[in-house]
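Everything below belongs to structure.cif, which stores mmCIF, C-alpha atoms.
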```cif
data_work
#
loop_
_atom_site.label_atom_id
_atom_site.label_comp_id
_atom_site.auth_asym_id
_atom_site.auth_seq_id
_atom_site.Cartn_x
_atom_site.Cartn_y
_atom_site.Cartn_z
CA MET A 953 -6.27 2.58 -12.51
CA LYS A 954 -3.79 3.46 -15.24
CA ARG A 955 -0.04 3.34 -14.66
CA ALA A 956 1.30 6.53 -13.09
CA PRO A 957 2.97 8.76 -15.70
CA ASP A 958 6.73 9.11 -15.44
CA PHE A 959 6.58 12.90 -15.12
CA TRP A 960 4.94 12.54 -11.70
CA TRP A 961 8.36 11.61 -10.35
CA GLN A 962 10.46 14.12 -12.33
CA ARG A 963 11.51 17.55 -11.08
CA SER A 964 11.56 19.08 -14.56
CA LEU A 965 7.97 19.35 -15.75
CA PRO A 966 6.99 18.52 -19.35
CA PRO A 967 4.31 20.59 -21.12
CA LEU A 968 1.58 18.13 -20.15
CA ALA A 969 2.30 18.60 -16.45
CA HIS A 970 2.07 22.39 -16.84
CA LEU A 971 -1.26 22.00 -18.63
CA LEU A 972 -2.58 19.85 -15.78
CA LYS A 973 -1.40 22.13 -12.97
CA PRO A 974 -4.69 24.12 -12.74
CA ALA A 975 -6.67 20.87 -12.43
CA GLY A 976 -4.20 19.66 -9.82
CA TRP A 977 -4.58 22.89 -7.86
CA VAL A 978 -8.37 22.53 -7.77
CA TYR A 979 -8.23 18.81 -6.91
CA GLY A 980 -5.69 19.42 -4.16
CA ARG A 981 -7.69 22.17 -2.48
CA VAL A 982 -10.92 20.17 -2.59
CA SER A 983 -9.19 17.04 -1.27
CA GLY A 984 -7.35 19.01 1.40
CA ARG A 985 -10.55 20.63 2.68
CA ARG A 986 -12.26 17.24 2.74
CA MET A 987 -9.44 15.79 4.87
CA HIS A 988 -10.11 18.40 7.54
CA ARG A 989 -13.81 17.68 7.92
CA LYS A 990 -14.98 16.45 11.29
CA PRO A 991 -15.23 12.62 11.33
CA ARG A 992 -18.80 11.36 11.24
CA ALA A 993 -18.01 8.26 13.30
CA ARG A 994 -15.64 7.01 15.98
CA SER A 995 -14.96 3.34 16.68
CA ARG A 996 -14.84 1.92 20.18
CA LEU A 997 -11.64 0.21 19.00
CA PRO A 998 -8.39 2.17 18.76
CA VAL A 999 -7.82 2.96 15.06
CA ILE A 1000 -4.29 3.12 13.63
CA CYS A 1001 -4.11 4.38 10.05
CA VAL A 1002 -1.18 3.42 7.81
CA GLY A 1003 -1.27 5.95 4.97
CA ASN A 1004 0.80 7.98 2.55
CA PHE A 1005 0.77 11.40 0.92
CA VAL A 1006 0.87 10.19 -2.67
CA VAL A 1007 -0.70 7.74 -5.08
CA GLY A 1008 1.40 4.66 -5.63
CA GLY A 1009 3.24 2.06 -3.60
CA THR A 1010 5.15 3.10 -0.50
CA GLY A 1011 4.92 -0.25 1.28
CA LYS A 1012 1.71 0.33 3.26
CA THR A 1013 0.57 -3.29 3.15
CA PRO A 1014 3.87 -4.90 4.25
CA PHE A 1015 4.16 -2.20 6.93
CA ALA A 1016 0.63 -2.97 8.17
CA ILE A 1017 1.47 -6.69 8.29
CA GLU A 1018 4.65 -6.04 10.28
CA LEU A 1019 2.82 -3.65 12.61
CA ALA A 1020 0.23 -6.35 13.29
CA ARG A 1021 3.01 -8.83 14.08
CA LEU A 1022 4.61 -6.40 16.54
CA LEU A 1023 1.26 -5.69 18.20
CA ARG A 1024 0.59 -9.42 18.65
CA GLN A 1025 4.07 -9.80 20.10
CA ASP A 1026 3.15 -7.05 22.58
CA GLY A 1027 0.03 -8.90 23.69
CA LEU A 1028 -2.58 -7.17 21.53
CA THR A 1029 -4.98 -8.71 19.00
CA PRO A 1030 -5.05 -6.60 15.82
CA GLY A 1031 -7.37 -6.67 12.84
CA PHE A 1032 -7.41 -4.85 9.50
CA LEU A 1033 -9.84 -2.48 7.82
CA LEU A 1034 -9.48 -1.35 4.21
CA ARG A 1035 -11.56 -0.27 1.27
CA GLY A 1036 -10.92 -3.43 -0.75
CA TYR A 1037 -9.71 -1.58 -3.83
CA GLY A 1038 -9.82 -3.73 -6.95
CA GLY A 1039 -12.65 -5.92 -5.64
CA ARG A 1040 -16.28 -5.74 -6.68
CA ASN A 1041 -17.73 -6.19 -3.17
CA ARG A 1042 -18.24 -2.86 -1.41
CA GLY A 1043 -18.82 -4.44 2.00
CA PRO A 1044 -18.85 -4.28 4.89
CA LEU A 1045 -17.56 -7.83 4.66
CA LEU A 1046 -15.31 -10.05 6.76
CA VAL A 1047 -12.80 -11.52 4.32
CA ASP A 1048 -12.60 -15.30 4.12
CA PRO A 1049 -9.64 -16.44 1.96
CA GLN A 1050 -11.31 -19.83 1.55
CA THR A 1051 -14.39 -18.41 -0.18
CA HIS A 1052 -13.42 -14.95 -1.47
CA ASP A 1053 -11.10 -14.19 -4.35
CA ALA A 1054 -9.28 -11.07 -5.54
CA GLU A 1055 -12.19 -10.09 -7.79
CA ASP A 1056 -14.44 -10.11 -4.72
CA VAL A 1057 -12.30 -8.26 -2.17
CA GLY A 1058 -9.07 -7.13 -3.89
CA ASP A 1059 -5.54 -8.52 -3.65
CA GLU A 1060 -4.48 -6.49 -0.58
CA ALA A 1061 -7.40 -7.79 1.47
CA LEU A 1062 -6.44 -11.40 0.71
CA LEU A 1063 -2.85 -10.70 1.75
CA LEU A 1064 -3.90 -9.10 5.03
CA ALA A 1065 -6.49 -11.79 5.81
CA ALA A 1066 -3.68 -14.34 5.99
CA HIS A 1067 -2.35 -12.47 9.05
CA ALA A 1068 -5.38 -11.20 11.00
CA PRO A 1069 -9.18 -10.73 10.75
CA THR A 1070 -9.77 -8.38 7.81
CA VAL A 1071 -12.82 -6.29 6.96
CA ILE A 1072 -13.36 -4.49 3.67
CA SER A 1073 -15.80 -1.63 3.34
CA SER A 1074 -16.12 1.37 1.08
CA ASP A 1075 -17.96 2.93 4.03
CA ARG A 1076 -15.27 2.85 6.69
CA PRO A 1077 -17.53 3.58 9.70
CA ALA A 1078 -19.72 0.64 8.68
CA GLY A 1079 -16.58 -1.47 8.31
CA ALA A 1080 -15.40 -0.42 11.77
CA ARG A 1081 -18.73 -1.54 13.26
CA LEU A 1082 -18.29 -4.98 11.71
CA ALA A 1083 -14.68 -5.09 12.94
CA GLU A 1084 -15.90 -4.38 16.47
CA GLU A 1085 -17.77 -7.70 16.34
CA GLN A 1086 -14.54 -9.61 15.69
CA PRO A 1087 -12.12 -10.91 18.36
CA ILE A 1088 -9.72 -7.95 18.04
CA ASP A 1089 -8.74 -5.05 20.29
CA VAL A 1090 -6.98 -2.68 17.87
CA LEU A 1091 -7.89 -1.82 14.27
CA ILE A 1092 -5.26 -1.14 11.60
CA MET A 1093 -6.45 0.79 8.53
CA ASP A 1094 -4.45 0.04 5.40
CA ASP A 1095 -4.82 3.40 3.60
CA GLY A 1096 -7.64 5.87 4.22
CA PHE A 1097 -5.44 8.68 5.58
CA GLN A 1098 -7.23 11.23 3.38
CA ASN A 1099 -10.70 9.83 4.17
CA PRO A 1100 -12.31 11.79 7.04
CA SER A 1101 -15.31 9.55 7.68
CA LEU A 1102 -13.78 7.50 10.54
CA ALA A 1103 -11.78 9.10 13.36
CA LYS A 1104 -8.21 7.82 13.70
CA ASP A 1105 -6.29 7.62 16.96
CA LEU A 1106 -2.88 7.40 15.28
CA ASN A 1107 -1.88 8.35 11.73
CA LEU A 1108 1.38 6.71 10.60
CA VAL A 1109 2.27 8.26 7.24
CA LEU A 1110 4.82 6.53 5.01
CA VAL A 1111 7.19 8.38 2.67
CA ASP A 1112 9.44 6.63 0.15
CA CYS A 1113 12.90 8.19 0.45
CA SER A 1114 13.63 7.50 -3.22
CA THR A 1115 10.61 9.41 -4.56
CA GLY A 1116 9.24 11.66 -1.80
CA PHE A 1117 6.48 13.93 -3.08
CA GLY A 1118 7.49 13.38 -6.71
CA ASN A 1119 7.12 16.61 -8.70
CA GLY A 1120 5.24 18.17 -5.77
CA LEU A 1121 1.96 18.57 -7.66
CA CYS A 1122 -1.49 17.16 -6.94
CA LEU A 1123 -3.48 14.75 -9.09
CA PRO A 1124 -3.65 14.65 -12.09
CA ALA A 1125 -0.53 16.81 -12.56
CA GLY A 1126 1.44 14.90 -9.92
CA PRO A 1127 1.16 12.11 -7.35
CA LEU A 1128 0.08 14.10 -4.27
CA ARG A 1129 -3.45 13.36 -3.02
CA ALA A 1130 -3.65 16.85 -1.48
CA PRO A 1131 -1.08 19.61 -0.87
CA ALA A 1132 1.62 18.28 1.47
CA GLN A 1133 1.28 21.22 3.89
CA LEU A 1134 -2.42 20.39 4.34
CA GLN A 1135 -1.81 16.67 4.76
CA ILE A 1136 1.00 16.98 7.31
CA VAL A 1137 -1.42 18.60 9.78
CA LYS A 1138 -3.25 15.28 10.12
CA ALA A 1139 -0.11 13.14 10.51
CA ASP A 1140 1.06 11.89 13.92
CA CYS A 1141 4.27 10.17 12.86
CA LEU A 1142 6.35 10.09 9.68
CA VAL A 1143 7.80 6.74 8.60
CA LEU A 1144 10.69 7.03 6.14
CA ILE A 1145 10.92 4.00 3.86
CA GLY A 1146 14.24 3.01 2.28
CA GLU A 1147 17.19 5.21 1.37
CA GLY A 1148 17.62 8.48 -0.52
CA ASP A 1149 17.17 12.21 -0.04
CA GLU A 1150 13.83 12.72 -1.83
CA ALA A 1151 12.01 12.74 1.51
CA ASP A 1152 13.82 15.87 2.71
CA GLU A 1153 10.78 18.09 2.15
CA ALA A 1154 8.58 15.71 4.12
CA VAL A 1155 11.14 15.63 6.94
CA HIS A 1156 11.24 19.44 6.97
CA LEU A 1157 7.43 19.66 7.25
CA ALA A 1158 7.43 17.01 9.99
CA GLY A 1159 10.14 18.90 11.88
CA ARG A 1160 8.11 22.11 11.84
CA LYS A 1161 5.18 20.20 13.35
CA GLY A 1162 7.39 18.33 15.82
CA LEU A 1163 6.42 14.91 14.51
CA PRO A 1164 8.39 11.82 15.53
CA LEU A 1165 10.33 10.11 12.73
CA LEU A 1166 10.70 6.39 12.24
CA HIS A 1167 12.70 4.48 9.62
CA ALA A 1168 11.83 1.23 7.88
CA HIS A 1169 13.07 -0.79 4.92
CA VAL A 1170 11.37 -3.11 2.46
CA GLN A 1171 13.50 -6.24 2.33
CA PRO A 1172 13.03 -8.66 -0.60
CA ARG A 1173 13.48 -12.28 0.41
CA PRO A 1174 15.99 -14.24 -1.69
CA SER A 1175 14.54 -17.14 -3.66
CA ASP A 1176 16.48 -20.25 -4.68
CA ALA A 1177 13.98 -20.72 -7.52
CA LEU A 1178 15.29 -17.55 -9.21
CA GLU A 1179 19.00 -18.27 -8.90
CA GLY A 1180 20.73 -18.75 -12.23
CA ARG A 1181 17.52 -18.25 -14.21
CA ARG A 1182 16.84 -15.74 -16.99
CA LEU A 1183 13.84 -13.85 -15.66
CA PHE A 1184 10.72 -12.34 -17.20
CA ALA A 1185 9.34 -10.03 -14.49
CA PHE A 1186 5.81 -8.64 -14.64
CA ALA A 1187 3.73 -6.66 -12.16
CA GLY A 1188 0.49 -4.73 -11.81
CA ILE A 1189 1.28 -2.63 -8.74
CA GLY A 1190 1.73 1.07 -7.98
CA ARG A 1191 5.35 1.20 -9.13
CA PRO A 1192 6.32 -1.91 -11.14
CA ARG A 1193 9.79 -0.58 -11.93
CA LYS A 1194 10.65 -0.58 -8.24
CA PHE A 1195 9.93 -4.32 -8.23
CA PHE A 1196 12.08 -4.86 -11.32
CA ARG A 1197 14.90 -2.83 -9.78
CA SER A 1198 14.74 -4.90 -6.59
CA LEU A 1199 15.28 -8.08 -8.61
CA GLU A 1200 18.29 -6.56 -10.36
CA GLU A 1201 19.78 -5.25 -7.11
CA MET A 1202 19.58 -8.76 -5.69
CA GLY A 1203 21.72 -9.97 -8.58
CA TYR A 1204 19.03 -11.79 -10.55
CA ALA A 1205 19.21 -11.77 -14.35
CA VAL A 1206 16.16 -9.82 -15.51
CA HIS A 1207 15.92 -10.18 -19.31
CA GLU A 1208 12.36 -9.00 -19.89
CA THR A 1209 9.80 -6.90 -18.01
CA ARG A 1210 6.12 -6.12 -18.44
CA GLU A 1211 4.25 -3.34 -16.60
CA PHE A 1212 0.53 -3.38 -15.90
CA PRO A 1213 -1.70 -0.83 -14.10
CA ASP A 1214 -2.08 -1.02 -10.32
CA HIS A 1215 -4.49 -3.79 -9.22
CA HIS A 1216 -4.66 -4.95 -12.85
CA ARG A 1217 -7.18 -7.68 -13.60
CA TYR A 1218 -5.28 -9.96 -15.93
CA SER A 1219 -7.12 -10.95 -19.08
CA GLU A 1220 -6.77 -14.27 -20.90
CA MET A 1221 -4.88 -12.37 -23.60
CA ASP A 1222 -2.42 -11.12 -20.96
CA ALA A 1223 -1.95 -14.63 -19.61
CA ARG A 1224 -1.35 -16.18 -23.02
CA ALA A 1225 1.10 -13.44 -24.00
CA LEU A 1226 3.13 -13.87 -20.80
CA LEU A 1227 3.23 -17.67 -21.10
CA THR A 1228 4.10 -17.62 -24.80
CA GLU A 1229 6.84 -15.01 -24.51
CA ALA A 1230 8.39 -16.77 -21.52
CA GLU A 1231 8.38 -20.14 -23.27
CA ASN A 1232 9.78 -18.76 -26.53
CA GLY A 1233 12.57 -16.94 -24.71
CA GLY A 1234 13.36 -19.68 -22.23
CA LEU A 1235 12.54 -17.28 -19.39
CA GLN A 1236 11.31 -17.85 -15.87
CA LEU A 1237 8.26 -15.75 -14.99
CA VAL A 1238 8.36 -13.84 -11.69
CA THR A 1239 5.91 -11.43 -10.08
CA THR A 1240 4.82 -9.89 -6.78
CA ARG A 1241 2.77 -11.55 -4.06
CA LYS A 1242 -0.15 -9.18 -4.77
CA ASP A 1243 -0.18 -10.17 -8.45
CA MET A 1244 0.03 -13.84 -7.51
CA MET A 1245 -3.01 -13.42 -5.26
CA ARG A 1246 -5.02 -12.25 -8.25
CA LEU A 1247 -3.83 -15.16 -10.40
CA GLN A 1248 -4.30 -17.90 -7.80
CA SER A 1249 -7.78 -16.79 -6.80
CA SER A 1250 -9.09 -17.17 -10.34
CA GLU A 1251 -11.02 -20.32 -11.18
CA THR A 1252 -9.92 -20.18 -14.82
CA GLU A 1253 -7.51 -22.94 -15.78
CA LEU A 1254 -5.35 -20.60 -17.87
CA PHE A 1255 -4.66 -18.35 -14.86
CA ARG A 1256 -3.95 -21.35 -12.65
CA TRP A 1257 -1.42 -22.49 -15.25
CA LEU A 1258 0.18 -19.03 -15.34
CA ALA A 1259 0.37 -19.05 -11.53
CA ALA A 1260 2.00 -22.48 -11.56
CA LYS A 1261 4.62 -21.27 -14.05
CA THR A 1262 5.38 -18.08 -12.09
CA GLU A 1263 7.63 -17.56 -9.07
CA VAL A 1264 7.10 -14.84 -6.46
CA LEU A 1265 9.59 -12.43 -4.95
CA ASP A 1266 8.28 -11.96 -1.43
CA VAL A 1267 9.12 -8.90 0.64
CA ALA A 1268 9.09 -8.08 4.34
CA MET A 1269 9.13 -4.76 6.14
CA LYS A 1270 11.88 -4.16 8.71
CA ILE A 1271 11.16 -1.35 11.16
CA ASP A 1272 14.42 0.02 12.54
CA ASP A 1273 13.12 0.92 16.01
CA PRO A 1274 10.09 -1.28 16.70
CA ASP A 1275 10.13 -0.55 20.44
CA ARG A 1276 9.65 3.15 19.75
CA LEU A 1277 6.74 2.41 17.43
CA ILE A 1278 5.02 0.19 20.00
CA ALA A 1279 5.59 2.82 22.69
CA LEU A 1280 3.87 5.36 20.44
CA VAL A 1281 0.95 2.99 19.89
CA ARG A 1282 0.68 2.25 23.62
CA GLU A 1283 0.60 5.98 24.37
CA ARG A 1284 -2.37 6.43 22.03
CA LEU A 1285 -4.12 3.37 23.47
CA ARG A 1286 -3.88 4.88 26.94
CA ALA A 1287 -5.31 8.15 25.66
CA LYS A 1288 -8.13 6.21 24.01
CA SER A 1289 -8.98 4.45 27.29
CA PHE A 1290 -9.21 7.78 29.12
CA GLU A 1291 -11.81 8.99 26.57
CA ARG A 1292 -14.25 6.26 27.54
#
```

As structure tokens - that is how I would like this structure written.
Amino acid sequence: MKRAPDFWWQRSLPPLAHLLKPAGWVYGRVSGRRMHRKPRARSRLPVICVGNFVVGGTGKTPFAIELARLLRQDGLTPGFLLRGYGGRNRGPLLVDPQTHDAEDVGDEALLLAAHAPTVISSDRPAGARLAEEQPIDVLIMDDGFQNPSLAKDLNLVLVDCSTGFGNGLCLPAGPLRAPAQLQIVKADCLVLIGEGDEADEAVHLAGRKGLPLLHAHVQPRPSDALEGRRLFAFAGIGRPRKFFRSLEEMGYAVHETREFPDHHRYSEMDARALLTEAENGGLQLVTTRKDMMRLQSSETELFRWLAAKTEVLDVAMKIDDPDRLIALVRERLRAKSFER
């Protein structure tokens, strides 16, 4: 996947965005109609979907990890289901971090597998059937909000307060996966991530539907290894500049940055360029946990060396009212039990 163009997040549209608007209109209508199809399968497990309205990072994976922690704290045993984007294995497959690498299952799957049983599958109903065989009693989908194949019992939709719906257009003219007014119909709860007023439109749509609102924040974890160092930050995620900005807001000295596409598979040329530039400039390399997963899972010595020379800025998701979230989940679990 190529890096998202800057005009996706700008209110004033350049000529290219205007040229792409007809294609975006068609894509949005097709995608919106697909979202509203009747699911072809329903799992015996309660299914909680953590999704978003747009392409790009809103913190779905750290939110899913924190949700799993809260569910375990409440006496439940969660597991994860995701497509495994960036991996070559289409599944259904139970992820084993000891034998699978990022090229097999994708970086997000490896991250999630460190916290709970994780199944990848491009066919989500087939993945749900495999998940049902695992020792879990609630299934968390990381993404898949727009995919109608598997019925969801609770759709938690994340919106970044600093970017919202971007320019409000659908792919490829903008970041929306379908028109917001069509997507909001399928949402059960809106989760506002971070600070800012760009989510006002989403809040307005949620208010008209009477959706509950939750707030959460991505919190970078300070690292002693980065203190006093001149940093060379690189990332292949949905929004690399958000990662770079986080480093700067924490007071770290970011002297150089390098952006790569989301889920980027680093080449040997990439690795050599990063190592050489860092050494020549006396810079400390730093990246995200997802990028590090891709580097560490490679068996190539060059990537292992790059991983050894690179520090990670870890992040955690803080949900402002976790009790309210768990109450919402429990309500849906009760409804699920009555269906049986």

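Across the model, the gap from atom CA of A:Gly1159 to atom CA of A:Gly1118 is 19.6 Å.
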
Could you pull the residues within 12 Å of A:Lys1270, counting only C-alpha atoms, minus those fewer than 5 positions along the same chain, as a VMD selection string?
chain A and resid 1011 1014 to 1019 1021 to 1022 1143 to 1146 1166 to 1173

Once 3 Å is added on each side, what are the centre and the three edge lengths, in Å to one decimal, of the axis-aligned box enclosing the listed atoms of stretch 1028-1045 of chain A? Present them as JSON.
```
{"center_x": -10.7, "center_y": -4.5, "center_z": 7.3, "size_x": 22.3, "size_y": 14.4, "size_z": 34.5}
```

Selection result of the PyMOL selection byres ((chain A and resi 1220-1234) around 9) on this file, as JSON, numbers by chain:
{"A": [1182, 1183, 1184, 1186, 1208, 1210, 1218, 1219, 1235, 1236, 1237, 1254, 1255, 1257, 1258, 1261]}

Please produce an output containing C-alpha atoms for each residue in the selection, written as a PDB file, in the frame of the given file.
```pdb
ATOM      1  CA  ARG A1182      16.840 -15.740 -16.990  1.00  0.00           C
ATOM      2  CA  LEU A1183      13.840 -13.850 -15.660  1.00  0.00           C
ATOM      3  CA  PHE A1184      10.720 -12.340 -17.200  1.00  0.00           C
ATOM      4  CA  PHE A1186       5.810  -8.640 -14.640  1.00  0.00           C
ATOM      5  CA  GLU A1208      12.360  -9.000 -19.890  1.00  0.00           C
ATOM      6  CA  ARG A1210       6.120  -6.120 -18.440  1.00  0.00           C
ATOM      7  CA  TYR A1218      -5.280  -9.960 -15.930  1.00  0.00           C
ATOM      8  CA  SER A1219      -7.120 -10.950 -19.080  1.00  0.00           C
ATOM      9  CA  LEU A1235      12.540 -17.280 -19.390  1.00  0.00           C
ATOM     10  CA  GLN A1236      11.310 -17.850 -15.870  1.00  0.00           C
ATOM     11  CA  LEU A1237       8.260 -15.750 -14.990  1.00  0.00           C
ATOM     12  CA  LEU A1254      -5.350 -20.600 -17.870  1.00  0.00           C
ATOM     13  CA  PHE A1255      -4.660 -18.350 -14.860  1.00  0.00           C
ATOM     14  CA  TRP A1257      -1.420 -22.490 -15.250  1.00  0.00           C
ATOM     15  CA  LEU A1258       0.180 -19.030 -15.340  1.00  0.00           C
ATOM     16  CA  LYS A1261       4.620 -21.270 -14.050  1.00  0.00           C
TER      17      LYS A1261
END
```

Sorted by chain and rising residue number, which residues of stretch 968-1066 of chain A lie within 7 Å of stretch 1123-1142 of chain A, and what are their closest atom pairs and distances in Å to one decimal, counting all atoms listed in the file, as CSV?
```
residue,atom,partner,partner_atom,distance
A:Ala969,CA,A:Ala1125,CA,5.1
A:Leu972,CA,A:Ala1125,CA,4.9
A:Lys973,CA,A:Ala1125,CA,5.4
A:Ala975,CA,A:Pro1124,CA,6.9
A:Gly976,CA,A:Leu1123,CA,5.0
A:Tyr979,CA,A:Leu1123,CA,6.6
A:Gly980,CA,A:Ala1130,CA,4.2
A:Arg981,CA,A:Ala1130,CA,6.8
A:Ser983,CA,A:Ala1130,CA,5.5
A:Gly984,CA,A:Ala1130,CA,5.2
A:Phe1005,CA,A:Leu1128,CA,5.9
A:Val1006,CA,A:Leu1128,CA,4.3
A:Val1007,CA,A:Pro1127,CA,5.3
```

Those residues with C-alpha atoms, as a JSON list (two decimals), in the frame of the given file please?
```json
[["chain", "number", "residue", "atom", "x", "y", "z"],
["A", 969, "ALA", "CA", 2.30, 18.60, -16.45],
["A", 972, "LEU", "CA", -2.58, 19.85, -15.78],
["A", 973, "LYS", "CA", -1.40, 22.13, -12.97],
["A", 975, "ALA", "CA", -6.67, 20.87, -12.43],
["A", 976, "GLY", "CA", -4.20, 19.66, -9.82],
["A", 979, "TYR", "CA", -8.23, 18.81, -6.91],
["A", 980, "GLY", "CA", -5.69, 19.42, -4.16],
["A", 981, "ARG", "CA", -7.69, 22.17, -2.48],
["A", 983, "SER", "CA", -9.19, 17.04, -1.27],
["A", 984, "GLY", "CA", -7.35, 19.01, 1.40],
["A", 1005, "PHE", "CA", 0.77, 11.40, 0.92],
["A", 1006, "VAL", "CA", 0.87, 10.19, -2.67],
["A", 1007, "VAL", "CA", -0.70, 7.74, -5.08]]
```

Selection under test: the PyMOL selection byres ((chain A and resi 1034) around 12); residues as a VMD selection string
chain A and resid 999 to 1003 1012 to 1013 1016 1031 to 1033 1035 to 1039 1042 to 1047 1057 to 1065 1069 to 1080 1083 1091 to 1097 1099 1102

Is it possible to get the residues within 7 Å of (10.9, 12.2, -8.1) (coordinates as in the file, counting only C-alpha atoms) written as number ranges by chain?
A: 960-963, 1115-1119, 1150

Rounded to one decimal place, report the atom CA of A:Gln1098-atom CA of A:Val978 distance in Å.
15.9 Å
